[in-house]
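What's in upload07.txt: compact mmCIF, C-alpha atoms
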```txt
# COMPACT_ATOMS: atom_id res chain seq x y z
CA MET V 980 -112.81 128.30 213.25
CA LEU V 981 -111.74 129.01 209.66
CA HIS V 982 -110.30 125.48 209.66
CA LYS V 983 -113.57 123.89 210.75
CA ILE V 984 -114.89 121.31 208.31
CA LYS V 985 -118.30 119.77 207.88
CA SER V 986 -119.30 116.92 210.19
CA ASP V 987 -122.49 114.86 210.28
CA LYS V 988 -122.32 114.69 214.09
CA PRO V 989 -123.79 117.73 215.89
CA ASP V 990 -122.15 116.87 219.23
CA GLU V 991 -118.56 117.17 217.95
CA VAL V 992 -116.55 119.48 215.72
CA HIS V 993 -114.00 118.56 213.05
CA PHE V 994 -110.98 120.65 212.05
CA TYR V 995 -108.51 120.48 209.17
CA VAL V 996 -105.16 121.03 210.88
CA GLY V 997 -101.71 120.42 209.43
CA ARG V 998 -103.19 118.57 206.42
CA LYS V 999 -105.06 116.19 208.72
CA ARG V 1000 -108.66 115.90 209.84
CA CYS V 1001 -109.10 115.83 213.61
CA ARG V 1002 -112.05 115.74 215.96
CA PHE V 1003 -112.93 117.51 219.20
CA GLY V 1004 -115.80 115.80 220.98
CA ARG V 1005 -117.22 114.93 224.36
CA VAL V 1006 -114.33 112.60 225.29
CA GLU V 1007 -111.72 115.26 224.50
CA PHE V 1008 -113.65 117.90 226.45
CA ASP V 1009 -113.84 115.59 229.46
CA LEU V 1010 -110.13 114.73 229.35
CA VAL V 1011 -109.17 118.40 229.15
CA THR V 1012 -111.57 119.91 231.73
CA GLY V 1013 -112.70 117.09 234.03
CA LEU V 1014 -116.09 118.82 234.30
CA ASN V 1015 -119.26 116.88 235.10
CA LEU V 1016 -120.94 115.66 231.90
CA LEU V 1017 -123.56 113.48 233.59
CA PRO V 1018 -127.31 114.09 233.11
CA GLY V 1019 -128.67 116.94 235.19
CA PRO V 1020 -130.92 116.74 238.26
CA ILE V 1021 -134.65 116.34 237.80
CA GLU V 1022 -136.96 119.35 238.08
CA LYS V 1023 -138.08 118.28 241.55
CA ASP V 1024 -134.51 118.38 242.89
CA ILE V 1025 -133.90 121.80 241.37
CA LYS V 1026 -137.03 123.18 243.04
CA GLU V 1027 -136.09 121.67 246.40
CA LYS V 1028 -132.36 122.43 246.45
CA GLY V 1029 -131.75 125.24 243.98
CA SER V 1030 -134.64 127.66 244.23
CA SER V 1031 -133.61 130.06 246.99
CA ASP V 1032 -134.34 133.72 246.20
CA ARG V 1033 -132.45 135.01 249.24
CA LEU V 1034 -129.54 136.54 247.29
CA ILE V 1035 -131.91 138.07 244.74
CA MET V 1036 -134.08 139.60 247.48
CA GLU V 1037 -131.18 140.81 249.61
CA TYR V 1038 -128.86 142.26 246.96
CA PHE V 1039 -131.01 142.91 243.87
CA ASN V 1040 -134.30 144.20 245.34
CA GLY V 1041 -136.10 141.02 244.37
CA ASN V 1042 -135.60 141.63 240.63
CA PRO V 1043 -134.35 138.41 238.96
CA SER V 1044 -133.36 140.30 235.78
CA ILE V 1045 -129.71 140.85 236.73
CA SER V 1046 -126.94 141.71 234.27
CA PHE V 1047 -123.48 140.22 234.59
CA GLY V 1048 -122.06 143.71 235.15
CA GLN V 1049 -124.60 144.44 237.88
CA MET V 1050 -123.75 141.21 239.68
CA ARG V 1051 -120.04 142.01 239.46
CA ARG V 1052 -120.61 145.43 241.07
CA VAL V 1053 -122.65 143.90 243.90
CA PHE V 1054 -119.91 141.31 244.43
CA GLU V 1055 -117.25 144.03 244.68
CA SER V 1056 -119.22 145.96 247.31
CA CYS V 1057 -120.46 142.98 249.34
CA ILE V 1058 -118.98 142.60 252.86
CA GLU V 1059 -120.68 139.37 253.97
CA VAL V 1060 -117.96 136.74 253.58
CA ASP V 1061 -120.21 133.78 252.73
CA ASP V 1062 -122.18 135.80 250.21
CA VAL V 1063 -118.99 137.17 248.63
CA TYR V 1064 -117.96 133.57 247.95
CA LYS V 1065 -121.37 132.62 246.56
CA LEU V 1066 -121.60 135.65 244.30
CA GLY V 1067 -118.04 134.90 243.22
CA MET V 1068 -119.06 131.40 242.19
CA ALA V 1069 -121.91 132.83 240.10
CA LEU V 1070 -119.45 135.25 238.47
CA PHE V 1071 -117.06 132.37 237.79
CA VAL V 1072 -119.78 130.43 235.98
CA MET V 1073 -120.81 133.44 233.89
CA GLY V 1074 -117.45 135.10 233.24
CA VAL V 1075 -114.99 132.21 233.08
CA LEU V 1076 -116.93 129.07 232.20
CA THR V 1077 -119.47 130.57 229.81
CA GLY V 1078 -117.59 133.73 228.77
CA LYS V 1079 -120.53 136.13 228.87
CA GLU V 1080 -120.31 139.89 228.34
CA GLU V 1081 -121.14 142.55 230.94
CA LYS V 1082 -124.57 143.32 229.49
CA ILE V 1083 -125.77 139.70 229.42
CA VAL V 1084 -128.56 138.82 231.86
CA VAL V 1085 -127.57 136.16 234.39
CA PRO V 1086 -129.97 133.18 234.40
CA PRO V 1087 -131.77 133.37 237.78
CA PHE V 1088 -131.15 129.66 238.42
CA VAL V 1089 -127.39 130.36 238.68
CA ILE V 1090 -127.89 132.88 241.49
CA ARG V 1091 -130.44 130.67 243.24
CA MET V 1092 -128.25 127.60 243.00
CA VAL V 1093 -125.12 129.13 244.58
CA ASP V 1094 -127.07 129.63 247.82
CA ASN V 1095 -126.88 125.82 248.17
CA LEU V 1096 -123.19 125.18 247.50
CA PRO V 1097 -123.21 121.33 247.78
CA PHE V 1098 -125.94 121.20 245.13
CA PHE V 1099 -124.12 123.81 243.05
CA TYR V 1100 -120.90 121.75 243.07
CA GLU V 1101 -122.74 118.60 241.97
CA TYR V 1102 -124.56 120.30 239.10
CA PRO V 1103 -123.42 119.05 235.64
CA TRP V 1104 -121.84 122.30 234.48
CA GLY V 1105 -119.72 120.35 232.01
CA LYS V 1106 -122.80 119.16 230.15
CA ILE V 1107 -124.17 122.71 229.83
CA LEU V 1108 -120.82 124.19 228.83
CA TYR V 1109 -120.11 121.49 226.28
CA THR V 1110 -123.51 122.01 224.67
CA LYS V 1111 -122.89 125.77 224.46
CA LEU V 1112 -119.41 125.20 223.05
CA MET V 1113 -120.77 122.94 220.32
CA GLU V 1114 -123.39 125.57 219.44
CA THR V 1115 -120.57 128.09 219.01
CA CYS V 1116 -118.39 125.73 217.00
CA ASN V 1117 -121.23 124.67 214.71
CA LYS V 1118 -122.15 128.21 213.69
CA ASP V 1119 -122.04 128.85 209.97
CA TYR V 1120 -119.12 131.28 209.73
CA VAL V 1121 -119.85 131.82 206.04
CA ASP V 1122 -122.69 134.07 207.26
CA VAL V 1123 -120.17 136.14 209.26
CA LYS V 1124 -118.00 136.53 206.16
CA ASN V 1125 -120.98 137.45 203.95
CA LYS V 1126 -122.15 140.14 206.39
CA MET V 1127 -118.65 141.62 206.34
CA LEU V 1128 -118.59 141.65 202.50
CA LYS V 1129 -121.99 143.39 202.37
CA LYS V 1130 -120.68 146.15 204.65
CA ILE V 1131 -117.61 146.59 202.44
CA LYS V 1132 -119.79 146.92 199.33
CA LYS V 1133 -121.76 149.66 201.10
CA GLY V 1134 -118.53 151.55 201.71
CA VAL V 1135 -118.15 150.61 205.36
CA THR V 1136 -114.48 150.21 206.23
CA GLN V 1137 -114.01 146.90 208.03
CA LYS V 1138 -110.72 145.00 208.14
CA GLU V 1139 -112.01 142.04 210.08
CA SER V 1140 -115.21 140.46 211.34
CA LYS V 1141 -115.69 139.31 214.93
CA TYR V 1142 -118.06 136.91 216.64
CA SER V 1143 -118.84 135.82 220.21
CA SER V 1144 -118.11 132.32 221.46
CA TYR V 1145 -119.75 130.67 224.46
CA GLY V 1146 -119.24 127.56 226.53
CA TYR V 1147 -115.82 126.85 228.02
CA THR V 1148 -113.84 127.77 224.91
CA ALA V 1149 -110.50 127.50 226.73
CA ALA V 1150 -110.96 123.72 226.47
CA LEU V 1151 -110.10 124.01 222.77
CA GLN V 1152 -106.88 125.86 223.59
CA TYR V 1153 -105.67 123.24 226.06
CA TRP V 1154 -106.74 120.44 223.71
CA ALA V 1155 -104.64 122.06 220.97
CA TYR V 1156 -101.65 122.23 223.36
CA GLU V 1157 -102.07 118.52 224.02
CA VAL V 1158 -102.46 117.28 220.46
CA ILE V 1159 -100.40 119.67 218.30
CA VAL V 1160 -96.80 119.09 219.36
CA GLU V 1161 -95.39 122.29 217.81
CA LEU V 1162 -98.09 124.45 219.39
CA GLY V 1163 -97.54 123.04 222.88
CA ASN V 1164 -93.74 123.31 222.61
CA GLU V 1165 -93.66 126.86 221.30
CA TYR V 1166 -96.42 128.62 223.24
CA ALA V 1167 -96.85 126.68 226.49
CA VAL V 1168 -95.05 124.67 229.16
CA LYS V 1169 -96.31 121.29 230.36
CA LYS V 1170 -95.64 121.11 234.10
CA SER V 1171 -97.04 117.66 234.80
CA HIS V 1172 -99.26 114.86 233.47
CA ARG V 1173 -102.23 115.34 235.78
CA PHE V 1174 -105.95 115.01 235.14
CA PRO V 1175 -107.76 117.03 234.00
CA ARG V 1176 -105.19 117.80 231.32
CA MET V 1177 -105.62 121.56 231.49
CA VAL V 1178 -104.10 121.83 234.98
CA SER V 1179 -100.77 120.58 233.60
CA TRP V 1180 -100.28 123.51 231.22
CA GLU V 1181 -99.08 127.09 231.54
CA SER V 1182 -98.89 129.51 228.65
CA LYS V 1183 -95.42 130.93 228.13
CA PRO V 1184 -95.04 134.58 229.15
CA LYS V 1185 -94.30 137.18 226.48
CA THR V 1186 -95.42 134.97 223.63
CA THR V 1187 -98.24 135.96 221.31
CA LEU V 1188 -100.29 133.47 219.34
CA GLY V 1189 -101.95 135.71 216.79
CA LYS V 1190 -103.77 135.24 213.49
CA ASP V 1191 -100.62 135.18 211.35
CA GLU V 1192 -98.94 132.57 213.57
CA VAL V 1193 -102.03 130.36 213.48
CA ILE V 1194 -102.24 130.57 209.67
CA ARG V 1195 -98.60 129.53 209.28
CA LEU V 1196 -98.89 126.75 211.84
CA PHE V 1197 -102.06 125.21 210.41
CA ALA V 1198 -100.73 125.37 206.85
CA ARG V 1199 -97.74 123.12 207.43
CA ASN V 1200 -97.57 119.42 208.23
CA VAL V 1201 -97.56 119.42 212.05
CA SER V 1202 -97.07 116.52 214.46
CA PHE V 1203 -99.84 115.09 216.63
CA LEU V 1204 -99.95 113.12 219.86
CA HIS V 1205 -102.26 110.31 218.87
CA PHE V 1206 -103.67 109.42 222.29
CA MET V 1207 -105.84 112.53 222.05
CA PHE V 1208 -106.03 112.74 218.28
CA ASN V 1209 -108.94 111.17 216.47
CA SER V 1210 -108.67 110.60 212.75
CA CYS V 1211 -112.08 110.72 211.11
```

Rewrite the structure from the file as structure tokens, please.
Amino acid sequence: MLHKIKSDKPDEVHFYVGRKRCRFGRVEFDLVTGLNLLPGPIEKDIKEKGSSDRLIMEYFNGNPSISFGQMRRVFESCIEVDDVYKLGMALFVMGVLTGKEEKIVVPPFVIRMVDNLPFFYEYPWGKILYTKLMETCNKDYVDVKNKMLKKIKKGVTQKESKYSSYGYTAALQYWAYEVIVELGNEYAVKKSHRFPRMVSWESKPKTTLGKDEVIRLFARNVSFLHFMFNSC
């Protein structure tokens, strides 16, 4: 994110990598993840097909204010096979696709929707996740740096500043494997050329891609695969 550069398009993010300007947008996200980016269902369909409170009533005492950690604990103790799967799907959306923390409240529509699996599978999760990812990428990280500097001036010892990212952030990792030749060769193995692109990659075991490695990699003139590289 320290290599993010200003863009006049809110639905894509630009990076300065290897002395080049490159773009990650909706097309790249779709190629990497294969997730549904189509417009969502209308409100009427959601009310008809995704409004069941059965899981909330049966496992959470009818209280729709459910934390991610609470849902995980219910999932681990559940013995009803079908409900284990449905709760698992809700956990997958929250923990893997959106990357939420334990204390975050799960949107009730996620729990309601998994009780109708065909409707759940057709829902445009890609559209939601891409929107969240762009919100994360378009944060002003100067504010993060300034907050850190203020703490240092007050005598608070702080070596680094952290932030939370949401949306399917792993898409950026697999996109980087695809487009930055040195990164893909050194830290991952491409097993195939399938779609979506992410299923073709495996990270190499016992390799660490840390801050220092990223700084060195992004500072030199790296090679790109142009079929997924967009010069701006």

Item to complete: With a distance cut-off of 10 Å and all atoms listed in the file, select the neighbouring residues of region 1147-1154 of chain V, excluding the residue or stretch itself and same-chain residues fewer than 3 positions from it, and output the selection as a ChimeraX atom specification.
Response: /V:1003,1007-1012,1072,1074-1078,1104-1105,1107-1113,1115-1116,1144,1157-1159,1162-1163,1167,1176-1182,1207-1208

Practice prompt. Take CA of Pro1175 (chain V) and CA of Pro1103 (chain V) and report the distance between them in Å, one decimal.
Written response: 15.9 Å

Worksheet entry | Nearby residues (all atoms listed in the file) at most 12 Å from region 1059-1061 of chain V, same-chain spacing under 6 positions excluded, as a PyMOL selection string | chain V and resi 1034+1037-1038+1053+1067-1068+1093-1096

Please produce an output containing C-alpha atoms for each residue in the selection, written as a PDB file, in the frame of the given file.
```
ATOM      1  CA  LEU V1034    -129.540 136.540 247.290  1.00  0.00           C
ATOM      2  CA  GLU V1037    -131.180 140.810 249.610  1.00  0.00           C
ATOM      3  CA  TYR V1038    -128.860 142.260 246.960  1.00  0.00           C
ATOM      4  CA  VAL V1053    -122.650 143.900 243.900  1.00  0.00           C
ATOM      5  CA  GLY V1067    -118.040 134.900 243.220  1.00  0.00           C
ATOM      6  CA  MET V1068    -119.060 131.400 242.190  1.00  0.00           C
ATOM      7  CA  VAL V1093    -125.120 129.130 244.580  1.00  0.00           C
ATOM      8  CA  ASP V1094    -127.070 129.630 247.820  1.00  0.00           C
ATOM      9  CA  ASN V1095    -126.880 125.820 248.170  1.00  0.00           C
ATOM     10  CA  LEU V1096    -123.190 125.180 247.500  1.00  0.00           C
TER      11      LEU V1096
END
```

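Distance-wise, CA of Gly997 (chain V) and CA of Val1168 (chain V) end up 21.3 Å apart.
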
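Separating CA of Val992 (chain V) from CA of Ala1198 (chain V) is a distance of 19.1 Å.
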
Item to complete: Would you mind telling me which residue in V:Arg1051, V:Glu1081, V:Lys985, V:Pro1087 lies nearest to Met1036 (chain V) when using all atoms listed in the file?
Response: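 Using all atoms listed in the file, Met1036 (chain V) sits closest to V:Pro1087.
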
Who sits within 12 Å of region 1192-1197 of chain V, only C-alpha atoms, same chain under 3 positions skipped, as a CSV table (one decimal) with C-alpha atoms, in the coordinates of the input:
```csv
chain,number,residue,atom,x,y,z
V,980,MET,CA,-112.8,128.3,213.2
V,981,LEU,CA,-111.7,129.0,209.7
V,982,HIS,CA,-110.3,125.5,209.7
V,983,LYS,CA,-113.6,123.9,210.8
V,994,PHE,CA,-111.0,120.6,212.0
V,995,TYR,CA,-108.5,120.5,209.2
V,996,VAL,CA,-105.2,121.0,210.9
V,997,GLY,CA,-101.7,120.4,209.4
V,998,ARG,CA,-103.2,118.6,206.4
V,999,LYS,CA,-105.1,116.2,208.7
V,1000,ARG,CA,-108.7,115.9,209.8
V,1155,ALA,CA,-104.6,122.1,221.0
V,1159,ILE,CA,-100.4,119.7,218.3
V,1160,VAL,CA,-96.8,119.1,219.4
V,1161,GLU,CA,-95.4,122.3,217.8
V,1162,LEU,CA,-98.1,124.4,219.4
V,1163,GLY,CA,-97.5,123.0,222.9
V,1165,GLU,CA,-93.7,126.9,221.3
V,1166,TYR,CA,-96.4,128.6,223.2
V,1186,THR,CA,-95.4,135.0,223.6
V,1187,THR,CA,-98.2,136.0,221.3
V,1188,LEU,CA,-100.3,133.5,219.3
V,1189,GLY,CA,-102.0,135.7,216.8
V,1200,ASN,CA,-97.6,119.4,208.2
V,1201,VAL,CA,-97.6,119.4,212.0
V,1202,SER,CA,-97.1,116.5,214.5
```

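Distance check against His993 (chain V) using only C-alpha atoms: of V:Asn1117, V:Asn1042, V:Asn1164, V:Ser1171, the minimum falls on V:Asn1117.
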
Near-Phe1088 (chain V) list (8 Å; all atoms listed in the file; drop same-chain fewer than 3 positions) as a PDB file with C-alpha atoms, keeping the file's coordinate frame:
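What follows is the written file out-v4.pdb:
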```
ATOM      1  CA  GLY V1029    -131.750 125.240 243.980  1.00  0.00           C
ATOM      2  CA  SER V1030    -134.640 127.660 244.230  1.00  0.00           C
ATOM      3  CA  ARG V1091    -130.440 130.670 243.240  1.00  0.00           C
ATOM      4  CA  MET V1092    -128.250 127.600 243.000  1.00  0.00           C
TER       5      MET V1092
END
```

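Closest approach to Asn1015 (chain V) among V:Glu1101, V:Asp1191, V:Glu1080, V:Glu1114: V:Glu1101, based on only C-alpha atoms.
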
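Each of V:Tyr1064, V:Leu1017, V:Phe1071, V:Asp990 was checked against Gly1004 (chain V) using only C-alpha atoms; the smallest atom-to-atom distance is that of V:Asp990.
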
Padding 6 Å on every side, please: axis-aligned box over the listed atoms of region 1094-1100 of chain V, centre and edge lengths to one decimal in Å, as JSON.
```
{"center_x": -124.0, "center_y": 125.4, "center_z": 245.6, "size_x": 18.2, "size_y": 20.4, "size_z": 17.1}
```

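Of the residues listed (V:Arg1033, V:Lys1028, V:Lys1079, V:Lys1023), V:Lys1079 shows the shortest atom-to-atom separation from Gly1146 (chain V); distances use only C-alpha atoms.
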
Worksheet item: Of the residues V:Ile984, V:Leu1070, V:Ile1021, V:Leu1014, which is the one nearest to Met1050 (chain V), using all atoms listed in the file?
Response: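 Residue with the minimum atom-to-atom distance to Met1050 (chain V): V:Leu1070.
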